[in-house]
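Trainee: Sharing work.pdb, PDB, C-alpha atoms:
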ATOM      1  CA  MET A   1      -0.231 -18.163 -20.817  1.00  0.00           C
ATOM      2  CA  PRO A   2       2.711 -16.815 -18.795  1.00  0.00           C
ATOM      3  CA  ASP A   3       4.371 -13.709 -20.169  1.00  0.00           C
ATOM      4  CA  GLY A   4       7.617 -15.658 -20.533  1.00  0.00           C
ATOM      5  CA  GLN A   5      10.753 -16.550 -18.670  1.00  0.00           C
ATOM      6  CA  ILE A   6      14.002 -14.667 -18.572  1.00  0.00           C
ATOM      7  CA  ALA A   7      17.410 -16.259 -18.679  1.00  0.00           C
ATOM      8  CA  ASN A   8      17.425 -17.034 -14.949  1.00  0.00           C
ATOM      9  CA  THR A   9      16.967 -20.791 -14.624  1.00  0.00           C
ATOM     10  CA  ALA A  10      16.541 -21.074 -10.865  1.00  0.00           C
ATOM     11  CA  ASP A  11      13.812 -23.605 -10.155  1.00  0.00           C
ATOM     12  CA  THR A  12      12.979 -22.537  -6.629  1.00  0.00           C
ATOM     13  CA  SER A  13      10.461 -19.756  -6.130  1.00  0.00           C
ATOM     14  CA  GLY A  14       9.178 -18.068  -3.020  1.00  0.00           C
ATOM     15  CA  GLY A  15       9.197 -14.618  -1.699  1.00  0.00           C
ATOM     16  CA  ASP A  16      11.728 -14.258   0.807  1.00  0.00           C
ATOM     17  CA  GLY A  17       0.941  13.656   1.472  1.00  0.00           C
ATOM     18  CA  GLY A  18      -1.647  14.930   0.282  1.00  0.00           C
ATOM     19  CA  THR A  19      -4.243  17.077   1.918  1.00  0.00           C
ATOM     20  CA  GLY A  20      -5.778  16.013   5.194  1.00  0.00           C
ATOM     21  CA  PRO A  21      -8.161  17.165   7.898  1.00  0.00           C
ATOM     22  CA  GLY A  22      -7.687  20.795   8.701  1.00  0.00           C
ATOM     23  CA  SER A  23      -6.946  21.749   5.096  1.00  0.00           C
ATOM     24  CA  GLY A  24     -10.585  22.546   4.303  1.00  0.00           C
ATOM     25  CA  PRO A  25     -12.143  25.983   4.575  1.00  0.00           C
ATOM     26  CA  GLU A  26     -12.829  25.594   8.290  1.00  0.00           C
ATOM     27  CA  GLY A  27      -9.645  23.857   9.378  1.00  0.00           C
ATOM     28  CA  THR A  28      -6.371  25.391  10.391  1.00  0.00           C
ATOM     29  CA  GLU A  29      -4.537  22.675  12.287  1.00  0.00           C
ATOM     30  CA  PRO A  30      -1.945  20.574  10.394  1.00  0.00           C
ATOM     31  CA  PHE A  31      -1.453  17.056  11.722  1.00  0.00           C
ATOM     32  CA  PRO A  32       2.109  15.912  12.449  1.00  0.00           C
ATOM     33  CA  ALA A  33       3.407  12.781  10.750  1.00  0.00           C
ATOM     34  CA  PRO A  34       3.580   9.726  13.038  1.00  0.00           C
ATOM     35  CA  ALA A  35       6.935   9.376  14.764  1.00  0.00           C
ATOM     36  CA  GLU A  36       9.248   6.611  13.631  1.00  0.00           C
ATOM     37  CA  LEU A  37       9.383   3.725  16.072  1.00  0.00           C
ATOM     38  CA  SER A  38      12.650   1.898  16.609  1.00  0.00           C
ATOM     39  CA  GLN A  39      12.874  -1.878  16.776  1.00  0.00           C
ATOM     40  CA  ALA A  40      12.893  -3.273  20.290  1.00  0.00           C
ATOM     41  CA  GLN A  41      16.353  -4.368  21.298  1.00  0.00           C
ATOM     42  CA  THR A  42      15.012  -7.328  23.276  1.00  0.00           C
ATOM     43  CA  GLU A  43      13.551  -9.169  20.296  1.00  0.00           C
ATOM     44  CA  PRO A  44      15.064 -12.621  19.626  1.00  0.00           C
ATOM     45  CA  PRO A  45      17.147 -12.918  16.449  1.00  0.00           C
ATOM     46  CA  LEU A  46      15.229 -13.816  13.322  1.00  0.00           C
ATOM     47  CA  ALA A  47      15.590 -17.205  11.695  1.00  0.00           C
ATOM     48  CA  PRO A  48      17.536 -17.159   8.389  1.00  0.00           C
ATOM     49  CA  ALA A  49      14.327 -17.469   6.356  1.00  0.00           C
ATOM     50  CA  GLU A  50      12.918 -14.396   8.088  1.00  0.00           C
ATOM     51  CA  GLN A  51      15.990 -12.202   7.799  1.00  0.00           C
ATOM     52  CA  SER A  52      15.242 -11.153   4.230  1.00  0.00           C
ATOM     53  CA  LEU A  53      11.877  -9.829   5.418  1.00  0.00           C
ATOM     54  CA  GLN A  54      13.238  -8.035   8.498  1.00  0.00           C
ATOM     55  CA  PRO A  55      12.931  -4.484   7.061  1.00  0.00           C
ATOM     56  CA  PHE A  56       9.234  -5.122   6.340  1.00  0.00           C
ATOM     57  CA  LEU A  57       8.150  -6.813   9.586  1.00  0.00           C
ATOM     58  CA  ASP A  58       5.892  -4.691  11.778  1.00  0.00           C
ATOM     59  CA  THR A  59       7.829  -4.026  14.989  1.00  0.00           C
ATOM     60  CA  ARG A  60       5.488  -1.338  16.293  1.00  0.00           C
ATOM     61  CA  PRO A  61       3.588  -1.912  19.548  1.00  0.00           C
ATOM     62  CA  PRO A  62       0.038  -3.195  19.092  1.00  0.00           C
ATOM     63  CA  ALA A  63      -2.465  -0.480  18.225  1.00  0.00           C
ATOM     64  CA  ARG A  64      -4.969   0.421  20.886  1.00  0.00           C
ATOM     65  CA  PRO A  65      -8.540  -0.861  20.427  1.00  0.00           C
ATOM     66  CA  LEU A  66     -10.843   1.399  18.423  1.00  0.00           C
ATOM     67  CA  ASP A  67     -14.078   2.606  19.980  1.00  0.00           C
ATOM     68  CA  PRO A  68     -17.198   3.631  18.009  1.00  0.00           C
ATOM     69  CA  VAL A  69     -16.062   7.275  17.839  1.00  0.00           C
ATOM     70  CA  ASP A  70     -12.695   6.251  16.348  1.00  0.00           C
ATOM     71  CA  ARG A  71     -14.466   4.106  13.758  1.00  0.00           C
ATOM     72  CA  ASN A  72     -16.795   6.948  12.806  1.00  0.00           C
ATOM     73  CA  ILE A  73     -13.801   9.254  12.383  1.00  0.00           C
ATOM     74  CA  LEU A  74     -12.137   6.739  10.074  1.00  0.00           C
ATOM     75  CA  ARG A  75     -15.347   6.297   8.085  1.00  0.00           C
ATOM     76  CA  LEU A  76     -15.736  10.043   7.584  1.00  0.00           C
ATOM     77  CA  LEU A  77     -12.085  10.618   6.679  1.00  0.00           C
ATOM     78  CA  ARG A  78     -12.186   7.755   4.186  1.00  0.00           C
ATOM     79  CA  ALA A  79     -15.122   9.466   2.471  1.00  0.00           C
ATOM     80  CA  ASP A  80     -13.593  12.963   2.651  1.00  0.00           C
ATOM     81  CA  GLY A  81      -9.959  13.292   3.702  1.00  0.00           C
ATOM     82  CA  ARG A  82     -10.211  17.096   3.449  1.00  0.00           C
ATOM     83  CA  MET A  83     -12.917  17.378   6.120  1.00  0.00           C
ATOM     84  CA  SER A  84     -12.032  20.001   8.721  1.00  0.00           C
ATOM     85  CA  VAL A  85     -11.574  19.072  12.368  1.00  0.00           C
ATOM     86  CA  ARG A  86     -14.560  21.244  13.312  1.00  0.00           C
ATOM     87  CA  ALA A  87     -16.889  19.481  10.861  1.00  0.00           C
ATOM     88  CA  LEU A  88     -15.531  16.088  11.894  1.00  0.00           C
ATOM     89  CA  ALA A  89     -16.055  16.834  15.592  1.00  0.00           C
ATOM     90  CA  ASP A  90     -19.627  17.968  14.941  1.00  0.00           C
ATOM     91  CA  GLN A  91     -20.497  14.766  13.069  1.00  0.00           C
ATOM     92  CA  VAL A  92     -19.047  12.386  15.687  1.00  0.00           C
ATOM     93  CA  HIS A  93     -20.390  14.509  18.573  1.00  0.00           C
ATOM     94  CA  VAL A  94     -17.145  15.226  20.398  1.00  0.00           C
ATOM     95  CA  SER A  95     -15.249  18.419  21.101  1.00  0.00           C
ATOM     96  CA  ARG A  96     -12.827  19.813  18.562  1.00  0.00           C
ATOM     97  CA  ALA A  97      -9.904  19.117  20.930  1.00  0.00           C
ATOM     98  CA  ASN A  98     -11.071  15.532  21.407  1.00  0.00           C
ATOM     99  CA  ALA A  99     -11.332  14.987  17.649  1.00  0.00           C
ATOM    100  CA  TYR A 100      -7.882  16.484  17.114  1.00  0.00           C
ATOM    101  CA  ALA A 101      -6.362  14.245  19.827  1.00  0.00           C
ATOM    102  CA  ARG A 102      -8.038  11.150  18.421  1.00  0.00           C
ATOM    103  CA  ILE A 103      -6.768  11.805  14.879  1.00  0.00           C
ATOM    104  CA  ASN A 104      -3.244  12.333  16.203  1.00  0.00           C
ATOM    105  CA  ARG A 105      -3.473   9.058  18.138  1.00  0.00           C
ATOM    106  CA  LEU A 106      -4.709   7.210  15.043  1.00  0.00           C
ATOM    107  CA  LEU A 107      -1.749   8.650  13.119  1.00  0.00           C
ATOM    108  CA  ASP A 108       0.764   7.745  15.847  1.00  0.00           C
ATOM    109  CA  ASP A 109      -0.623   4.204  16.109  1.00  0.00           C
ATOM    110  CA  GLY A 110      -0.318   3.761  12.337  1.00  0.00           C
ATOM    111  CA  VAL A 111      -4.060   3.215  11.877  1.00  0.00           C
ATOM    112  CA  ILE A 112      -4.163   6.241   9.568  1.00  0.00           C
ATOM    113  CA  ARG A 113      -1.182   5.940   7.226  1.00  0.00           C
ATOM    114  CA  GLY A 114      -1.670   9.304   5.549  1.00  0.00           C
ATOM    115  CA  PHE A 115      -3.996  11.377   3.401  1.00  0.00           C
ATOM    116  CA  SER A 116      -4.096  11.285  -0.378  1.00  0.00           C
ATOM    117  CA  ALA A 117      -6.292  11.984  -3.382  1.00  0.00           C
ATOM    118  CA  ARG A 118      -8.283   9.156  -4.976  1.00  0.00           C
ATOM    119  CA  ILE A 119      -7.434   9.247  -8.664  1.00  0.00           C
ATOM    120  CA  ASP A 120      -9.464   8.036 -11.616  1.00  0.00           C
ATOM    121  CA  GLU A 121      -6.513   6.524 -13.469  1.00  0.00           C
ATOM    122  CA  GLU A 122      -8.246   6.415 -16.859  1.00  0.00           C
ATOM    123  CA  ARG A 123      -9.234  10.085 -16.741  1.00  0.00           C
ATOM    124  CA  ALA A 124      -5.697  10.893 -15.590  1.00  0.00           C
ATOM    125  CA  GLY A 125      -4.299   9.414 -18.807  1.00  0.00           C
ATOM    126  CA  GLN A 126      -3.544   5.901 -17.571  1.00  0.00           C
ATOM    127  CA  GLY A 127      -5.820   3.929 -19.870  1.00  0.00           C
ATOM    128  CA  ALA A 128      -4.413   0.424 -19.262  1.00  0.00           C
ATOM    129  CA  SER A 129      -4.327  -1.354 -15.912  1.00  0.00           C
ATOM    130  CA  ALA A 130      -3.177  -4.867 -15.066  1.00  0.00           C
ATOM    131  CA  TYR A 131      -2.387  -7.176 -12.204  1.00  0.00           C
ATOM    132  CA  ILE A 132       0.939  -8.914 -12.812  1.00  0.00           C
ATOM    133  CA  THR A 133       1.944 -12.060 -10.959  1.00  0.00           C
ATOM    134  CA  LEU A 134       5.627 -12.839 -10.538  1.00  0.00           C
ATOM    135  CA  LYS A 135       7.543 -15.961  -9.585  1.00  0.00           C
ATOM    136  CA  ILE A 136      10.876 -14.952  -8.077  1.00  0.00           C
ATOM    137  CA  VAL A 137      14.057 -16.613  -6.860  1.00  0.00           C
ATOM    138  CA  GLN A 138      13.858 -17.761  -3.250  1.00  0.00           C
ATOM    139  CA  ASP A 139      14.935 -15.181  -0.651  1.00  0.00           C
ATOM    140  CA  SER A 140      15.118 -12.404  -3.268  1.00  0.00           C
ATOM    141  CA  TRP A 141      12.071 -10.385  -2.146  1.00  0.00           C
ATOM    142  CA  ARG A 142      14.113  -7.522  -0.690  1.00  0.00           C
ATOM    143  CA  SER A 143      15.984  -6.948  -3.949  1.00  0.00           C
ATOM    144  CA  VAL A 144      12.925  -7.461  -6.152  1.00  0.00           C
ATOM    145  CA  ARG A 145      10.840  -5.105  -4.049  1.00  0.00           C
ATOM    146  CA  GLU A 146      13.354  -2.287  -4.388  1.00  0.00           C
ATOM    147  CA  GLN A 147      13.403  -2.689  -8.175  1.00  0.00           C
ATOM    148  CA  LEU A 148       9.600  -2.856  -8.461  1.00  0.00           C
ATOM    149  CA  LEU A 149       9.278   0.339  -6.416  1.00  0.00           C
ATOM    150  CA  ARG A 150      11.123   2.186  -9.187  1.00  0.00           C
ATOM    151  CA  LEU A 151       8.727   1.059 -11.936  1.00  0.00           C
ATOM    152  CA  PRO A 152       6.609   3.794 -13.549  1.00  0.00           C
ATOM    153  CA  GLY A 153       2.924   3.193 -12.894  1.00  0.00           C
ATOM    154  CA  ALA A 154       3.368   0.659 -10.079  1.00  0.00           C
ATOM    155  CA  ALA A 155       0.425   1.213  -7.721  1.00  0.00           C
ATOM    156  CA  HIS A 156       0.422  -1.706  -5.286  1.00  0.00           C
ATOM    157  CA  MET A 157       2.470  -4.813  -4.591  1.00  0.00           C
ATOM    158  CA  ALA A 158       2.142  -7.726  -2.214  1.00  0.00           C
ATOM    159  CA  LEU A 159       4.238 -10.752  -1.267  1.00  0.00           C
ATOM    160  CA  VAL A 160       1.804 -13.663  -1.309  1.00  0.00           C
ATOM    161  CA  SER A 161       1.580 -17.417  -0.940  1.00  0.00           C
ATOM    162  CA  GLY A 162       0.392 -19.862  -3.565  1.00  0.00           C
ATOM    163  CA  ASP A 163       1.322 -20.525  -7.183  1.00  0.00           C
ATOM    164  CA  PHE A 164       3.192 -17.222  -7.518  1.00  0.00           C
ATOM    165  CA  ASP A 165       5.141 -15.014  -5.133  1.00  0.00           C
ATOM    166  CA  VAL A 166       4.343 -11.380  -5.911  1.00  0.00           C
ATOM    167  CA  LEU A 167       1.161  -9.610  -7.006  1.00  0.00           C
ATOM    168  CA  LEU A 168       1.732  -6.219  -8.653  1.00  0.00           C
ATOM    169  CA  LEU A 169      -0.871  -3.666  -9.795  1.00  0.00           C
ATOM    170  CA  VAL A 170       0.261  -1.257 -12.518  1.00  0.00           C
ATOM    171  CA  HIS A 171      -1.321   1.598 -14.478  1.00  0.00           C
ATOM    172  CA  THR A 172       0.075   2.646 -17.872  1.00  0.00           C
ATOM    173  CA  ALA A 173      -0.958   4.965 -20.698  1.00  0.00           C
ATOM    174  CA  ASP A 174      -1.876   2.163 -23.115  1.00  0.00           C
ATOM    175  CA  ASN A 175      -1.296  -1.501 -23.945  1.00  0.00           C
ATOM    176  CA  ARG A 176       1.978  -0.754 -25.730  1.00  0.00           C
ATOM    177  CA  SER A 177       3.340   0.900 -22.597  1.00  0.00           C
ATOM    178  CA  LEU A 178       2.091  -2.032 -20.541  1.00  0.00           C
ATOM    179  CA  ARG A 179       3.835  -4.511 -22.848  1.00  0.00           C
ATOM    180  CA  ASP A 180       7.096  -2.583 -22.590  1.00  0.00           C
ATOM    181  CA  LEU A 181       6.793  -2.421 -18.814  1.00  0.00           C
ATOM    182  CA  VAL A 182       6.373  -6.191 -18.539  1.00  0.00           C
ATOM    183  CA  LEU A 183       8.720  -7.425 -21.261  1.00  0.00           C
ATOM    184  CA  THR A 184      11.449  -4.797 -20.919  1.00  0.00           C
ATOM    185  CA  ARG A 185      11.430  -3.652 -17.320  1.00  0.00           C
ATOM    186  CA  ILE A 186      10.001  -6.429 -15.146  1.00  0.00           C
ATOM    187  CA  GLN A 187      11.389  -9.444 -17.010  1.00  0.00           C
ATOM    188  CA  SER A 188      14.839  -7.851 -17.031  1.00  0.00           C
ATOM    189  CA  ILE A 189      15.004  -8.100 -13.229  1.00  0.00           C
ATOM    190  CA  PRO A 190      17.468 -10.964 -12.656  1.00  0.00           C
ATOM    191  CA  GLU A 191      15.524 -12.514  -9.772  1.00  0.00           C
ATOM    192  CA  VAL A 192      12.239 -12.702 -11.709  1.00  0.00           C
ATOM    193  CA  ILE A 193      11.682 -16.211 -13.060  1.00  0.00           C
ATOM    194  CA  SER A 194       8.355 -15.665 -14.852  1.00  0.00           C
ATOM    195  CA  THR A 195       5.371 -13.329 -15.023  1.00  0.00           C
ATOM    196  CA  ARG A 196       1.704 -13.510 -15.922  1.00  0.00           C
ATOM    197  CA  THR A 197      -0.327 -10.432 -16.887  1.00  0.00           C
ATOM    198  CA  LEU A 198      -4.036 -10.073 -16.045  1.00  0.00           C
ATOM    199  CA  LEU A 199      -5.659  -7.122 -17.812  1.00  0.00           C
ATOM    200  CA  VAL A 200      -8.185  -5.110 -15.818  1.00  0.00           C
ATOM    201  CA  PHE A 201     -11.380  -4.417 -17.781  1.00  0.00           C
ATOM    202  CA  GLU A 202     -13.270  -2.653 -14.999  1.00  0.00           C
ATOM    203  CA  GLU A 203     -12.586  -1.848 -11.365  1.00  0.00           C
ATOM    204  CA  THR A 204     -14.516  -0.496  -8.402  1.00  0.00           C
ATOM    205  CA  ASP A 205     -13.103   0.909  -5.170  1.00  0.00           C
ATOM    206  CA  LEU A 206     -14.722  -0.696  -2.131  1.00  0.00           C
ATOM    207  CA  GLU A 207     -15.117   0.860   1.304  1.00  0.00           C
ATOM    208  CA  PRO A 208     -15.514  -1.979   3.805  1.00  0.00           C
ATOM    209  CA  GLU A 209     -16.981  -1.278   7.221  1.00  0.00           C
ATOM    210  CA  ILE A 210     -14.345  -0.645   9.874  1.00  0.00           C
TER
END
Output the file's structure in the form of structure tokens.
Mentor:
Amino acid sequence: MPDGQIANTADTSGGDGGTGPGSGPEGTEPFPAPAELSQAQTEPPLAPAEQSLQPFLDTRPPARPLDPVDRNILRLLRADGRMSVRALADQVHVSRANAYARINRLLDDGVIRGFSARIDEERAGQGASAYITLKIVQDSWRSVREQLLRLPGAAHMALVSGDFDVLLLVHTADNRSLRDLVLTRIQSIPEVISTRTLLVFEETDLEPEI
């Protein structure tokens, strides 16, 4: 059953660093953050339906193709983001300078978005997890997104197609906290029409081949 509807009666829905390589015992080189890329001035104007998504559209140039060495670097960093450049270079059989240059290129191209710790939420005190689906007022994604970003425990969100508009993953201390998050915080957002909460009983992180 849906979690309930708020007072909004609109009937139209639709979505409008941690440690990294070089921080280990052998590494000394910090990696710079990827430079911000400005939107090309020659792009045609967006249609009205696309304007609400403009801040979230990817305007970066296409990333360069990855070769087998790049893919091995990504595989190793996914398994151990603290691996030093020297150890990484040894395992992919390139020079240290080559490995350093490749990681910087992967950062600049946006292939590597950053380095972070992988947390066991339950052992970190977040004993309740849930996926929450939201139906929202048409063309309100920008406003809803900003409000969802401020929610405690929000871990991932996506604008999707189908029977609902937004998929949100949250972690909370317990079911009472989860209930308060949904009924008090999320359903008080004016543009949210309805929600549905799917409790997570067990989860497993997957590492697909690159």
Trainee: Give as a ChimeraX atom specification every residue, naming chains and numbers as the document does, that has an atom within 6 Å of (4.0, -6.0, -12.3), counting only C-alpha atoms.
Mentor: /A:132,168-169
Trainee: Please, what distance in Å, to one decimal, runs between atom CA of Ser129 of chain A and atom CA of Ser177 of chain A?
Mentor: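 For atom CA of Ser129 of chain A relative to atom CA of Ser177 of chain A, the distance reads 10.4 Å.
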Trainee: Can you pull out every residue within 12 Å of Asp120 of chain A, counting only C-alpha atoms, but drop anything in the same chain fewer than 2 positions away, and send it as a PyMOL selection string?
Mentor: chain A and resi 117-118+122-129+171+202-205
Trainee: On this structure, the PyMOL selection byres ((chain A and resi 197) around 10) would catch which residues? List them as a list of chain:residue names, sorted by chain and number.
Mentor: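 When the PyMOL selection byres ((chain A and resi 197) around 10) is applied to the shown file, the picked residues are A:Met1, A:Pro2, A:Asp3, A:Ser129, A:Ala130, A:Tyr131, A:Ile132, A:Thr133, A:Leu134, A:Leu168, A:Leu169, A:Leu178, A:Arg179, A:Val182, A:Thr195, A:Arg196, A:Leu198, A:Leu199, A:Val200.
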Trainee: Between atom CA of Lys135 of chain A and atom CA of Ser194 of chain A, what is the distance in Å, rounded to a tenth?
Mentor: 5.3 Å
Trainee: Have a look at A:Leu167, A:Ser84, A:Glu121, A:Ile210 and name the one nearest to Leu66 of chain A; count only C-alpha atoms.
Mentor: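 Closest to Leu66 of chain A of all the choices is A:Ile210.
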Trainee: For the atom pair atom CA of Asn72 of chain A and atom CA of His156 of chain A, what is the interatomic distance in Å to one decimal place?
Mentor: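 The value is 26.4 Å.
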Trainee: Which is closest to Leu159 of chain A among A:Leu107, A:Arg142, A:Gln147, A:Asn98, if we use all atoms listed in the file?
Mentor: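 Distance minimum relative to Leu159 of chain A lands on A:Arg142.
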Trainee: Could you name the residues that touch Arg102 of chain A at 9 Å or less, counting all atoms listed in the file, but leaving out those on the same chain fewer than 5 positions away, as a list in words?
Mentor: Val69, Asp70, Ile73, Ala97 and Leu107 of chain A
Trainee: Kindly provide, as a list of chain:residue names, the polymer residues lying within 6 Å of (-18.6, 14.5, 9.3), counting only C-alpha atoms and using the coordinates exactly as they appear in the file.
Mentor: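 The distance filter leaves exactly A:Leu76, A:Ala87, A:Leu88, A:Gln91.
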Trainee: Where does the PyMOL selection byres ((chain A and resi 109) around 9) land in this file, that is, which residues does it pick, as a ChimeraX atom specification?
Mentor: /A:34,60-64,104-108,110-112
Trainee: Keeping only C-alpha atoms, write the selected residues as a PDB file, in the frame of the given file.
Mentor:
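What follows is the written file part_18.pdb:
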ATOM      1  CA  PRO A  34       3.580   9.726  13.038  1.00  0.00           C
ATOM      2  CA  ARG A  60       5.488  -1.338  16.293  1.00  0.00           C
ATOM      3  CA  PRO A  61       3.588  -1.912  19.548  1.00  0.00           C
ATOM      4  CA  PRO A  62       0.038  -3.195  19.092  1.00  0.00           C
ATOM      5  CA  ALA A  63      -2.465  -0.480  18.225  1.00  0.00           C
ATOM      6  CA  ARG A  64      -4.969   0.421  20.886  1.00  0.00           C
ATOM      7  CA  ASN A 104      -3.244  12.333  16.203  1.00  0.00           C
ATOM      8  CA  ARG A 105      -3.473   9.058  18.138  1.00  0.00           C
ATOM      9  CA  LEU A 106      -4.709   7.210  15.043  1.00  0.00           C
ATOM     10  CA  LEU A 107      -1.749   8.650  13.119  1.00  0.00           C
ATOM     11  CA  ASP A 108       0.764   7.745  15.847  1.00  0.00           C
ATOM     12  CA  GLY A 110      -0.318   3.761  12.337  1.00  0.00           C
ATOM     13  CA  VAL A 111      -4.060   3.215  11.877  1.00  0.00           C
ATOM     14  CA  ILE A 112      -4.163   6.241   9.568  1.00  0.00           C
TER      15      ILE A 112
END
Trainee: Counting all atoms listed in the file, figure out which residue out of A:Val137, A:Leu149, A:Val170, A:Ser143 gets nearest to Ile193 of chain A.
Mentor: A:Val137
Trainee: Go through A:Leu183, A:Val92, A:Val144, A:Ala99 and flag the residue nearest Ala158 of chain A, using all atoms listed in the file for the distances.
Mentor: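 Closest to Ala158 of chain A, using all atoms listed in the file: A:Val144.
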Trainee: With only C-alpha atoms as the basis for distance, which of A:Val160, A:Ala79, A:Val192, A:Ala101 is at the shortest distance from Ser140 of chain A?
Mentor: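 That would be A:Val192, the residue with the smallest distance to Ser140 of chain A.
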Trainee: Model the absent atoms of segment 79-86 of chain A so that all heavy atoms are present, and write the result as a PDB file, in the coordinates of the input.
Mentor:
ATOM      1  N   ALA A  79     -14.215   8.871   3.456  1.00  0.00           N
ATOM      2  CA  ALA A  79     -15.122   9.466   2.471  1.00  0.00           C
ATOM      3  C   ALA A  79     -14.650  10.847   2.042  1.00  0.00           C
ATOM      4  O   ALA A  79     -14.830  11.242   0.885  1.00  0.00           O
ATOM      5  CB  ALA A  79     -16.541   9.544   3.044  1.00  0.00           C
ATOM      6  N   ASP A  80     -14.047  11.603   2.960  1.00  0.00           N
ATOM      7  CA  ASP A  80     -13.593  12.963   2.651  1.00  0.00           C
ATOM      8  C   ASP A  80     -12.378  13.287   3.506  1.00  0.00           C
ATOM      9  O   ASP A  80     -12.508  13.758   4.641  1.00  0.00           O
ATOM     10  CB  ASP A  80     -14.717  13.976   2.902  1.00  0.00           C
ATOM     11  CG  ASP A  80     -14.303  15.408   2.567  1.00  0.00           C
ATOM     12  OD1 ASP A  80     -13.189  15.592   2.022  1.00  0.00           O
ATOM     13  OD2 ASP A  80     -15.076  16.334   2.851  1.00  0.00           O
ATOM     14  N   GLY A  81     -11.190  13.051   2.959  1.00  0.00           N
ATOM     15  CA  GLY A  81      -9.959  13.292   3.702  1.00  0.00           C
ATOM     16  C   GLY A  81      -9.680  14.762   3.944  1.00  0.00           C
ATOM     17  O   GLY A  81      -8.786  15.104   4.722  1.00  0.00           O
ATOM     18  N   ARG A  82     -10.415  15.660   3.283  1.00  0.00           N
ATOM     19  CA  ARG A  82     -10.211  17.096   3.449  1.00  0.00           C
ATOM     20  C   ARG A  82     -11.152  17.691   4.489  1.00  0.00           C
ATOM     21  O   ARG A  82     -11.153  18.902   4.719  1.00  0.00           O
ATOM     22  CB  ARG A  82     -10.403  17.811   2.118  1.00  0.00           C
ATOM     23  CG  ARG A  82      -9.450  17.352   1.027  1.00  0.00           C
ATOM     24  CD  ARG A  82      -9.705  18.115  -0.255  1.00  0.00           C
ATOM     25  NE  ARG A  82      -9.426  19.538  -0.093  1.00  0.00           N
ATOM     26  CZ  ARG A  82      -9.792  20.475  -0.965  1.00  0.00           C
ATOM     27  NH1 ARG A  82     -10.474  20.139  -2.038  1.00  0.00           N
ATOM     28  NH2 ARG A  82      -9.490  21.732  -0.755  1.00  0.00           N
ATOM     29  N   MET A  83     -11.968  16.876   5.130  1.00  0.00           N
ATOM     30  CA  MET A  83     -12.917  17.378   6.120  1.00  0.00           C
ATOM     31  C   MET A  83     -12.173  18.094   7.246  1.00  0.00           C
ATOM     32  O   MET A  83     -11.162  17.601   7.753  1.00  0.00           O
ATOM     33  CB  MET A  83     -13.754  16.221   6.673  1.00  0.00           C
ATOM     34  CG  MET A  83     -14.774  16.642   7.713  1.00  0.00           C
ATOM     35  SD  MET A  83     -15.776  15.244   8.287  1.00  0.00           S
ATOM     36  CE  MET A  83     -16.712  14.886   6.797  1.00  0.00           C
ATOM     37  N   SER A  84     -12.678  19.247   7.652  1.00  0.00           N
ATOM     38  CA  SER A  84     -12.032  20.001   8.721  1.00  0.00           C
ATOM     39  C   SER A  84     -12.278  19.325  10.063  1.00  0.00           C
ATOM     40  O   SER A  84     -13.227  18.549  10.238  1.00  0.00           O
ATOM     41  CB  SER A  84     -12.564  21.430   8.757  1.00  0.00           C
ATOM     42  OG  SER A  84     -13.912  21.450   9.204  1.00  0.00           O
ATOM     43  N   VAL A  85     -11.425  19.643  11.031  1.00  0.00           N
ATOM     44  CA  VAL A  85     -11.574  19.072  12.368  1.00  0.00           C
ATOM     45  C   VAL A  85     -12.911  19.503  12.974  1.00  0.00           C
ATOM     46  O   VAL A  85     -13.585  18.713  13.641  1.00  0.00           O
ATOM     47  CB  VAL A  85     -10.397  19.509  13.265  1.00  0.00           C
ATOM     48  CG1 VAL A  85     -10.578  18.950  14.671  1.00  0.00           C
ATOM     49  CG2 VAL A  85      -9.083  19.043  12.687  1.00  0.00           C
ATOM     50  N   ARG A  86     -13.301  20.752  12.744  1.00  0.00           N
ATOM     51  CA  ARG A  86     -14.560  21.244  13.312  1.00  0.00           C
ATOM     52  C   ARG A  86     -15.739  20.450  12.773  1.00  0.00           C
ATOM     53  O   ARG A  86     -16.612  20.011  13.544  1.00  0.00           O
ATOM     54  CB  ARG A  86     -14.725  22.723  12.993  1.00  0.00           C
ATOM     55  CG  ARG A  86     -16.027  23.330  13.530  1.00  0.00           C
ATOM     56  CD  ARG A  86     -16.117  24.803  13.160  1.00  0.00           C
ATOM     57  NE  ARG A  86     -14.989  25.538  13.704  1.00  0.00           N
ATOM     58  CZ  ARG A  86     -14.707  26.793  13.394  1.00  0.00           C
ATOM     59  NH1 ARG A  86     -15.460  27.426  12.492  1.00  0.00           N
ATOM     60  NH2 ARG A  86     -13.685  27.408  13.943  1.00  0.00           N
TER      61      ARG A  86
END
